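Scroll down for the structure; my scribbles are underneath it.
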Amino acid sequence: MYVSDSMRCRLLLDRLDARATGIWRVEGGVLVQTGFSAADDMPKEVADGFALATLRIPLDRVELGVVKAIVQRKVEVSVAEELPDGVGSGYWLRAFAAGRSVAVPLLDEFGSKPAVFSVALALDDRSHDAIASVVLEIARC
């Protein structure tokens, strides 16, 4: 059975009780959004605003967790309280009512195009490694 990136995002959202999830694939010098899902209680203007703002992200935007993860080829964790309020990841995490995001690069295990799968969550006691493990499990389905 084929599982679309949008379906993967929803599966991860539900599995981790997340605030938002997204997948971007590398195409040329940009990340192209291929899936996004937001929590049911998220304001529509926040979810739509994020989806629109992140349709295409240049790979030189290394201040963003999804870009940093794919460029550095390692899991990148962004914590809202450690980031500026009004811009980038700090802005969106706060808008999502999330405390952190975990961006996982998908290199060999996700088809021919490198990609990154990110999840925004409340701060809790789950380790970043445990979250990344679930992200990879869903990515491979």
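Residues in the structure tokens are named by chain (A, B, ... in the order shown) and by number from 1 within that chain; ligands are numbered from 1 in the order shown.
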
I'd like the neighbourhood of Asp40 in chain A as a list in words, where a residue qualifies if any of its atoms comes within 12 Å (using only C-alpha atoms), though same-chain residues fewer than 5 positions away should be ignored.
Arg10, Leu13, Asp14, Asp17, Ala18, Arg19, Ala20, Val46, Ala47 and Phe96 of chain A

Need the shell around Ser101 in chain A: protein/DNA/RNA residues with any atom at most 9 Å away, counting only C-alpha atoms. Skip same-chain ones fewer than 6 positions apart. Format as a CSV table (one decimal) with N, CA and C atoms, in the first residue's frame?
chain,number,residue,atom,x,y,z
A,65,GLY,N,15.6,24.7,11.9
A,65,GLY,CA,15.9,23.3,12.2
A,65,GLY,C,15.9,22.3,11.1
A,76,GLU,N,18.2,17.4,14.5
A,76,GLU,CA,18.3,18.8,15.0
A,76,GLU,C,17.1,19.1,15.9
A,77,VAL,N,17.4,19.5,17.1
A,77,VAL,CA,16.4,19.8,18.1
A,77,VAL,C,16.4,21.3,18.3
A,78,SER,N,15.2,21.9,18.2
A,78,SER,CA,15.0,23.3,18.5
A,78,SER,C,14.0,23.4,19.7
A,79,VAL,N,14.5,24.2,20.6
A,79,VAL,CA,13.7,24.4,21.9
A,79,VAL,C,13.2,25.9,21.8
A,80,ALA,N,11.9,26.1,21.9
A,80,ALA,CA,11.3,27.4,21.8
A,80,ALA,C,11.9,28.4,22.7
A,89,SER,N,12.0,29.5,13.6
A,89,SER,CA,11.5,28.3,14.4
A,89,SER,C,10.9,28.8,15.7
A,93,LEU,N,7.2,27.6,16.7
A,93,LEU,CA,6.9,26.8,17.8
A,93,LEU,C,6.0,27.4,18.8
A,118,SER,N,10.0,16.5,10.3
A,118,SER,CA,10.0,17.3,11.5
A,118,SER,C,8.7,17.2,12.3
A,119,VAL,N,8.9,17.2,13.6
A,119,VAL,CA,7.7,17.1,14.5
A,119,VAL,C,7.8,18.2,15.6
A,120,ALA,N,6.8,18.9,15.8
A,120,ALA,CA,6.7,19.9,16.9
A,120,ALA,C,5.9,19.3,18.0
A,121,LEU,N,6.4,19.4,19.3
A,121,LEU,CA,5.8,18.8,20.4
A,121,LEU,C,5.8,19.7,21.6
A,122,ALA,N,5.0,19.3,22.6
A,122,ALA,CA,5.1,19.9,23.9
A,122,ALA,C,6.5,19.4,24.5

Of the residues A:Asp124, A:Asp60, A:Glu137, A:Glu81, which is the one nearest to Leu31 in chain A, using only C-alpha atoms?
A:Asp60

Taking only C-alpha atoms into account, name the residue in A:Val75, A:Ala53, A:Val32, A:Leu64 that is nearest to Ser133 in chain A.
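Under the stated criterion, the closest residue is A:Val75.
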
Can you tell me, as a PyMOL selection string, what residues are no more than 12 Å from Val66 in chain A when counting only C-alpha atoms, ignoring any on the same chain fewer than 3 positions away?
chain A and resi 21-26+30-33+54+56-63+69-78+88-89+101-106+115-120

I'd like to know which residues of range 27-85 of chain A are helix (DSSP H, G or I) (by DSSP, run on the backbone); could you write them as a tab-separated table (two decimals) with C-alpha atoms, in the first residue's frame?
chain	number	residue	atom	x	y	z
A	44	LYS	CA	-6.55	27.50	10.99
A	45	GLU	CA	-4.66	30.74	10.33
A	46	VAL	CA	-1.59	29.37	12.15
A	47	ALA	CA	-1.63	26.02	10.31
A	48	ASP	CA	-2.30	27.63	6.93
A	49	GLY	CA	0.28	30.35	7.56
A	50	PHE	CA	3.00	27.83	8.36
A	51	ALA	CA	2.12	25.59	5.43
A	52	LEU	CA	2.28	28.52	3.04
A	53	ALA	CA	5.45	30.02	4.55
A	65	GLY	CA	15.92	23.31	12.24
A	66	VAL	CA	14.75	21.46	9.12
A	67	VAL	CA	17.50	23.04	7.02
A	68	LYS	CA	20.16	22.47	9.65
A	69	ALA	CA	19.13	18.79	9.95
A	70	ILE	CA	19.46	18.10	6.22
A	71	VAL	CA	22.62	20.18	5.72
A	72	GLN	CA	24.43	18.73	8.75
A	80	ALA	CA	11.27	27.39	21.80
A	81	GLU	CA	12.59	29.07	24.95
A	82	GLU	CA	16.12	29.10	23.46

Range 13-124 of chain A: which residues are strand (DSSP E) by DSSP, as a PyMOL selection string?
chain A and resi 20-27+30-38+56-58+76-79+100-106+115-121

Mind checking which residues fall within 12 Å of Arg140 in chain A, counting only C-alpha atoms, ignoring those fewer than 2 positions away in the same chain, and posting them as a count of residues only?
20

Select, from A:Ala130, A:Pro84, A:Arg100, A:Phe36, the residue with the minimum atom-to-atom distance to Ser6 in chain A, counting only C-alpha atoms.
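With only C-alpha atoms as the atom set, the closest residue is A:Phe36.
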
By how many Å are CA of Arg94 in chain A and CA of Leu16 in chain A apart?
18.2 Å
